[in-house]
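**Student:** Below you will find the structure I want to go over with you.
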Amino acid sequence: MSDSIVVGFTVNGRRREVLTKPHHTLLEILREDLGLTGTKHGCELGECGACTVLVDGIPQLSCLLLPHQVEGKEITTVEGLAKSGDELHPLQEAFVEVGAVQCGYCTPGMLLTAKALLDENPAPSRQEIAEALSGNICRCTGYESITRAVELAARRMEV
Amino acid sequence: MRVVGKPLPKVDVRAKVTGSTLYADDLVLPDMLFCKLLRSPHPYARIKRVDVRGALEVEGVVAAITGDDLPIKYGILPVTQDEHALENEKVRYVGDPVAAVAAYDEETAALACERIVVEYEVLHPVTSIEEALSEPVDEPIHDYGGPANIHKMAALAFGDLESGFAQADHIREDVFFYEGNTHLPMEEHSAIASYVDGKLTLWSSTQTPHYVHRAVSKVMGLPMSAVRIVATPHGGGFGGKTDPFSHEMVVCKLAMVTGKPVKCTLTREEVFYAHRGRHPVLMWVRTGVKRDGKITAMHFKTALDGGAYGSYGVATTFYTGALQTATYDIPAYRFEGARVFTNKAPCGPKRGHGTPQPRFALELHLDKIAEDLGLDPVEVRRRNYVKPNTTTVNWLRITSCGLEEITNRVIQASGYHRRRRVEGHGMGFAVASYLSGAGLPIYWNKLPHSECQLKLDRGGVTAYCGATDIGQGSDTVIATVVAEELGLWPSDIRLVTGDTGLAPVDLGSYSSRVTFMAGNAALDAARKLRDLLVEVAAESMGCSPGEVEVGDGKIGALSFEETAQLAQERYGAISTAGSYRPPDLAGPYKGSGVGPSPAYSYSAAVVDLDADSKTGIVQVNKVWLAHDIGRSINPISVRGQVEGGVYMGLGEALMEEQAYRKALHKQPSMLDYKSLTFVDMPEVETILVETNDPEGPYGAKEVGQGPLLPVVPAVASAIHDALGVWVDQVPITPDKVLKALDAKVKGEAPRFGPKSFPDIPYPQCIKVDPPHVATQAV
Ligand code: FES
Ligand code: FES
């Protein structure tokens, strides 16, 4: 098996260095080496969106990223969204209130993709929300409530 | 009601949006090993030899086991204990597990699996219902059932069929096919076992910890008291995690062998093989009607492709015939069903268990009858609706029933009768019904189906119940019921659920039973605790218990905490227990165990769509879904279930299929297995109708499964409305629409679908007198 390498990046504001294998994915590093299990996996083949994290603010599938691709980058996972234990991000608040969470397994990926959308487009239309989130599969909600939650969060973040 | 019926957030939702919920694969135990399964590459083969020595030589491997280490068979139903955790004689589908490795990391375990040598003698696979019905080239897949590869047959006749058909003014026959599909939960199955002090604990993403408890205990040869199953927070089930699974048995065994905790998480491809999804079903139906559309008799035949093992299949077979009568008053009804074994991943229960297929057939069949008679399809339905508080010809007890109201509401909201009549645009209507929990447990007994215990002490109230929250919100239901009775908020209640070691038995999250049954058990326990607290408060206040009001954290003039303290001073430790067992509802015939429920939900759908006659592409614009919920305990969760059900129904109607090419799964990946994405999902208008069921907790009934059912036929009906062709087979992919249009152009029957139904050697029908005849005879 291949030799180990060291990779360094920032996760949720904290600088980390990890000894890993060059073929391990960011998903594995986050979950197994750093204990950040909030990032989920539904396929590990880039097909479901459950593993989405933000890399320098852009939503990326962590199951497809290798260590050398994230060297020096800034990564945000679901654990990094809330300001504190009690103060959630407006998107998280909206997901809670609207009931956009059933099993919750797609939720971390949805939240991060939605965050990237709102950061760039603070007042998206329903169609824009649908297109931005179309790479994230949810089997529980039928997407309706997630759209409502993103709309609600957008309204609140604007004011 | 202070909290029941209020749109409160779910009690476990904050953990889910912050990523702190720990699902099975998130759990890590010290010194844990990782397990990988070696699966069969052949659909059907005899195992000549399995040699794991090569795997054991790999550095980092701790143990490797084969079928010889796990010789005891299991299965979810007592009548079909036909699975080995690891097969040692034959493999019956591509993906059947034969060996397992435990190693210090997953990669090593996977590598070691490749070093295992298995010698197979390949047998001729059986890949279709037709093949399964004819003499097998090699031996039958199982050593039970038959003739040929038939697993199970059922034949029942209720009432006087002959005179029913004789009275008909019009008789129609149709054939339909419903392709299989799978649950595709976002979370891949995962399980971890640990064996300490002679006690085995299994954490697993299961919907049915109680049944896994039974199966693990049997296969490991341990008493149930030495086994604890913890259903971890669940990343989606839909019926796909209701069987005991190979990987669960294997990690238990490996934990016992190695003395270390062992985890196994399936890959997405393996989840497609684990399957237990929707059975492909071929259906034939013949119905006699009067000129006004009133049904006089119906004969329904089904043939189910069960895949390689029994699973829930015997129940599924009966379900393909059981609920036709729960929506329509059919005075004489005959049902014949057969399930066959094939060399494909085993089918089982998926949302709607065995009823979406016949519902698709029945609703389209009634549409066609309406067309034959020149009647409005909605009116034909209405003329046949069952009435509240009646008993059907096959002995189902109907109590609350909102069919009329959901129909009126959905028709009105959608403007169905005022729809635009232009080529390419269509609307379709359908209704359905589903169980609020199976009336009988899988193992027939007189025990409660659900139990709940409440503990009250200085730490507040804790509710213990075996019920398993799979994302549908059952924890929230239990907390809401207890909070309502005690005058607290749902968030005040601590919960211990889904754990066979800590909480009393609940049979599991299947058959839409949890709100009804665990809700009733929690209500029973909570009312006992409330009575006790009210009595103590009344005494302290010097009034009668009837004068004590409970609410807003108060019991009469006292705070909840003060009352709790007084109660403990008086009685010492305080706990109450409640349970629920449905009334005895099975009719007087063999096979009557499938179908009865303490209450039926009703759903009606209207689908609006555009269908392109050039490309065959269907674009759904909007779905209206009216659901008779009895009563909403939490309207946010109810709406979520409706929207999720509509979504899954649209997927089954238009694209989802677990199909095979020569016994090889055609799409074992999420990219190839098509499901609706954000951009495919239309607007859904949810209409909730409350009929206040007399036996449901606060009047509640199910919502997890029913709303899927009418969506599939309503889509097919709308396509007919748009293009004038019937597609009698799901999923309705563009190629099928085009083939139906081709047939129309050629002057053939304007349809696409199966042409005939095979000859099946069904047994002699068991003749059952309908309830009114039977009662007269007494
Ligand atoms: S786990 Fe990365 S896309 Fe599915
Ligand atoms: S909430 Fe279950 S997959 Fe989205």
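Order determines the names: the first chain of the structure tokens is A, the second B, and so forth; residues in each chain are numbered 1 upward, and ligands are numbered 1 upward as they are shown.
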As a VMD selection string, could you give me every residue of chain B near chain A (at most 7 Å apart, counting only C-alpha atoms)?
**Tutor:** chain B and resid 9 13 to 14 16 to 20 26 185 to 188 234 to 236 267 to 268 470 to 472 636 to 637 640 643 to 644 647 670 to 671 677 to 679
**Student:** Using C-alpha atoms, can you write the selected residues to a file as a PDB file, in the first residue's frame?
**Tutor:**
ATOM      1  CA  PRO B   9     -40.379  21.242  15.559  1.00  0.00           C
ATOM      2  CA  VAL B  13     -34.160  17.946  14.757  1.00  0.00           C
ATOM      3  CA  ARG B  14     -31.519  20.325  16.131  1.00  0.00           C
ATOM      4  CA  LYS B  16     -29.714  16.657  12.768  1.00  0.00           C
ATOM      5  CA  VAL B  17     -29.038  20.154  11.441  1.00  0.00           C
ATOM      6  CA  THR B  18     -25.830  20.522  13.420  1.00  0.00           C
ATOM      7  CA  GLY B  19     -24.420  17.173  12.384  1.00  0.00           C
ATOM      8  CA  SER B  20     -24.335  15.825  15.919  1.00  0.00           C
ATOM      9  CA  ASP B  26     -20.670   7.407  12.825  1.00  0.00           C
ATOM     10  CA  PRO B 185     -32.305   5.063   1.534  1.00  0.00           C
ATOM     11  CA  MET B 186     -29.642   7.756   1.656  1.00  0.00           C
ATOM     12  CA  GLU B 187     -27.892   5.925   4.474  1.00  0.00           C
ATOM     13  CA  GLU B 188     -26.242   2.672   3.532  1.00  0.00           C
ATOM     14  CA  HIS B 234     -31.858   6.205  10.980  1.00  0.00           C
ATOM     15  CA  GLY B 235     -30.841   7.548   7.606  1.00  0.00           C
ATOM     16  CA  GLY B 236     -33.923   6.329   5.784  1.00  0.00           C
ATOM     17  CA  THR B 267     -21.405   0.094  -0.016  1.00  0.00           C
ATOM     18  CA  ARG B 268     -24.118   1.605  -2.188  1.00  0.00           C
ATOM     19  CA  ILE B 470     -36.641   6.305  11.191  1.00  0.00           C
ATOM     20  CA  GLY B 471     -37.028   9.977  10.413  1.00  0.00           C
ATOM     21  CA  GLN B 472     -40.811   9.825  10.304  1.00  0.00           C
ATOM     22  CA  ILE B 636     -45.480  19.561  10.025  1.00  0.00           C
ATOM     23  CA  SER B 637     -44.502  15.901  10.173  1.00  0.00           C
ATOM     24  CA  GLY B 640     -43.691  15.942   5.329  1.00  0.00           C
ATOM     25  CA  GLU B 643     -44.910  15.222   0.326  1.00  0.00           C
ATOM     26  CA  GLY B 644     -42.380  12.405   0.711  1.00  0.00           C
ATOM     27  CA  TYR B 647     -42.355  12.130  -4.296  1.00  0.00           C
ATOM     28  CA  MET B 670     -27.420   6.044  -7.701  1.00  0.00           C
ATOM     29  CA  LEU B 671     -26.589   7.532 -11.058  1.00  0.00           C
ATOM     30  CA  THR B 677     -34.176  15.295  -8.160  1.00  0.00           C
ATOM     31  CA  PHE B 678     -35.095  18.791  -7.029  1.00  0.00           C
ATOM     32  CA  VAL B 679     -35.774  19.916 -10.589  1.00  0.00           C
TER      33      VAL B 679
END
**Student:** How would you write, as a ChimeraX atom specification, the set of residues in segment 79-178 of chain B that DSSP gives as helix (DSSP H, G or I)?
**Tutor:** /B:106-114,129-133,161-167
**Student:** Excluding Arg351 of chain B and residues on its chain fewer than 5 positions from it, collect all residues at most 6 Å away from it, counting only C-alpha atoms, and give them as a VMD selection string.
**Tutor:** chain B and resid 238 to 239 705
**Student:** For those residues, write N, CA and C atoms to a file as a JSON list (two decimals), in the first residue's frame.
**Tutor:**
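Saved to part05.json:
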[["chain", "number", "residue", "atom", "x", "y", "z"],
["B", 238, "PHE", "N", -37.89, 3.17, 4.66],
["B", 238, "PHE", "CA", -38.97, 2.93, 3.69],
["B", 238, "PHE", "C", -39.29, 1.45, 3.54],
["B", 239, "GLY", "N", -38.94, 0.65, 4.55],
["B", 239, "GLY", "CA", -39.16, -0.80, 4.49],
["B", 239, "GLY", "C", -37.89, -1.58, 4.19],
["B", 705, "GLN", "N", -47.43, 5.75, 4.62],
["B", 705, "GLN", "CA", -47.43, 4.95, 3.40],
["B", 705, "GLN", "C", -48.58, 5.28, 2.45]]
**Student:** Residues near Pro358 of chain B, anyone? I mean within 9 Å using only C-alpha atoms, not counting same-chain ones fewer than 2 positions away, as a tab-separated table (two decimals) with N, CA, C and O atoms, in the first residue's frame.
**Tutor:**
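New file result.tsv:
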chain	number	residue	atom	x	y	z
B	176	PHE	N	-51.96	-5.99	-16.11
B	176	PHE	CA	-51.04	-4.91	-15.75
B	176	PHE	C	-49.73	-5.49	-15.25
B	176	PHE	O	-49.69	-6.60	-14.74
B	178	TYR	N	-46.30	-4.21	-12.84
B	178	TYR	CA	-45.64	-3.20	-12.01
B	178	TYR	C	-44.22	-3.66	-11.81
B	178	TYR	O	-43.97	-4.69	-11.17
B	281	VAL	N	-44.83	-7.24	-10.00
B	281	VAL	CA	-46.07	-8.01	-9.95
B	281	VAL	C	-46.82	-7.91	-11.27
B	281	VAL	O	-47.05	-6.81	-11.78
B	283	MET	N	-50.44	-8.67	-13.00
B	283	MET	CA	-51.79	-8.71	-12.44
B	283	MET	C	-52.85	-8.86	-13.53
B	283	MET	O	-52.71	-8.30	-14.62
B	300	PHE	N	-59.40	-11.13	-8.98
B	300	PHE	CA	-58.08	-10.49	-9.08
B	300	PHE	C	-57.01	-11.56	-8.96
B	300	PHE	O	-57.01	-12.34	-8.02
B	302	THR	N	-52.71	-12.32	-9.10
B	302	THR	CA	-51.38	-11.71	-9.08
B	302	THR	C	-50.29	-12.76	-9.18
B	302	THR	O	-50.47	-13.90	-8.73
B	319	TYR	N	-51.01	-9.38	0.62
B	319	TYR	CA	-51.31	-7.94	0.51
B	319	TYR	C	-51.68	-7.54	-0.92
B	319	TYR	O	-52.36	-6.55	-1.12
B	320	THR	N	-51.24	-8.31	-1.92
B	320	THR	CA	-51.64	-7.93	-3.28
B	320	THR	C	-53.13	-8.18	-3.51
B	320	THR	O	-53.67	-7.77	-4.54
B	321	GLY	N	-53.77	-8.83	-2.54
B	321	GLY	CA	-55.21	-9.07	-2.70
B	321	GLY	C	-56.06	-8.52	-1.58
B	321	GLY	O	-57.29	-8.57	-1.65
B	323	LEU	N	-56.39	-5.36	0.15
B	323	LEU	CA	-56.97	-4.03	0.42
B	323	LEU	C	-57.82	-3.45	-0.72
B	323	LEU	O	-58.26	-2.31	-0.64
B	324	GLN	N	-58.05	-4.24	-1.78
B	324	GLN	CA	-58.95	-3.76	-2.82
B	324	GLN	C	-60.30	-3.40	-2.21
B	324	GLN	O	-60.96	-2.44	-2.60
B	354	GLY	N	-46.83	-4.38	-0.96
B	354	GLY	CA	-47.70	-5.28	-1.70
B	354	GLY	C	-48.99	-4.65	-2.18
B	354	GLY	O	-49.77	-5.30	-2.88
B	355	THR	N	-49.24	-3.38	-1.82
B	355	THR	CA	-50.51	-2.77	-2.24
B	355	THR	C	-50.40	-1.70	-3.34
B	355	THR	O	-51.40	-1.44	-4.00
B	356	PRO	N	-49.22	-1.09	-3.56
B	356	PRO	CA	-49.17	-0.12	-4.68
B	356	PRO	C	-49.42	-0.79	-6.03
B	356	PRO	O	-50.02	-0.18	-6.92
B	360	PHE	N	-52.46	0.31	-8.42
B	360	PHE	CA	-52.23	0.80	-9.79
B	360	PHE	C	-53.18	0.12	-10.76
B	360	PHE	O	-53.89	0.75	-11.54
B	361	ALA	N	-53.24	-1.22	-10.66
B	361	ALA	CA	-54.09	-1.98	-11.58
B	361	ALA	C	-55.56	-1.64	-11.37
B	361	ALA	O	-56.30	-1.37	-12.31
B	362	LEU	N	-55.98	-1.66	-10.13
B	362	LEU	CA	-57.41	-1.48	-9.82
B	362	LEU	C	-57.91	-0.11	-10.26
B	362	LEU	O	-58.99	0.02	-10.86
B	363	GLU	N	-57.14	0.92	-9.97
B	363	GLU	CA	-57.61	2.28	-10.29
B	363	GLU	C	-57.68	2.49	-11.81
B	363	GLU	O	-58.63	3.07	-12.31
**Student:** For a test of reading the model, state the distance in Å between atom CA of Gln207 of chain B and atom CA of Lys241 of chain B, rounded to one decimal.
**Tutor:**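 Atom-to-atom, atom CA of Gln207 of chain B and atom CA of Lys241 of chain B are spaced 5.4 Å apart.
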**Student:** Can you tell me, as a JSON list (two decimals) with C-alpha atoms, in the first residue's frame, what residues are no more than 6 Å from Ser597 of chain B when counting only C-alpha atoms, ignoring any on the same chain fewer than 3 positions away?
**Tutor:**
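Once everything was written out, this is out_20.json:
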[["chain", "number", "residue", "atom", "x", "y", "z"],
["B", 435, "LEU", "CA", -53.32, 0.23, 7.34],
["B", 437, "GLY", "CA", -50.58, -0.87, 11.64],
["B", 438, "ALA", "CA", -51.02, -4.55, 10.91],
["B", 439, "GLY", "CA", -53.71, -5.98, 13.14]]
**Student:** Between B:Trp395, B:Arg2, B:Ser669, B:Tyr571, which is the closest to ligand 1 once you count only C-alpha atoms and all ligand atoms?
**Tutor:**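 Among the listed residues, the smallest separation from ligand 1 belongs to B:Ser669.
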**Student:** Record the distance separating atom CA of Val61 of chain B and atom CA of Val118 of chain B, expressed in Å with one decimal.
**Tutor:**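 Between atom CA of Val61 of chain B and atom CA of Val118 of chain B the gap works out to 18.4 Å.
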**Student:** Closest to Glu120 of chain A among A:Arg148, A:Glu87, A:Ala154, A:Val18, using only C-alpha atoms?
**Tutor:**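 That would be A:Ala154, the residue with the smallest distance to Glu120 of chain A.
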**Student:** For Pro754 of chain B, list every protein, DNA or RNA residue within 9 Å, evaluated using only C-alpha atoms, and leave out those in the same chain fewer than 5 positions away; present the list as a VMD selection string.
**Tutor:** chain B and resid 175 to 177 282 728 to 729
**Student:** So which residues of segment 413-611 of chain B fall under strand (DSSP E) by DSSP, listed as an MDAnalysis selection string?
**Tutor:** chainID B and resid 425:435 450:457 460:465 494:497 550:551 554:555 558:559 574:580 600:611
**Student:** Considering only C-alpha atoms and all ligand atoms, state which residue in the set A:Ala153, A:Cys63, A:Leu117, A:Ile29 is at the smallest distance from ligand 1.
**Tutor:**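 Comparing A:Ala153, A:Cys63, A:Leu117, A:Ile29 against ligand 1, the winner is A:Cys63.
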**Student:** Find the residues around Asp56 of chain A up to 12 Å (only C-alpha atoms counted), leave out those fewer than 5 positions away in its own chain, and share them as a VMD selection string.
**Tutor:** chain A and resid 9 to 13 69 to 77 116
**Student:** For ligand 2, which of A:Thr52, A:Asp33, A:Glu151, A:Gly109 is the closest residue, counting only C-alpha atoms and all ligand atoms?
**Tutor:**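 Checking each of A:Thr52, A:Asp33, A:Glu151, A:Gly109 against ligand 2, counting only C-alpha atoms and all ligand atoms, the winner is A:Gly109.
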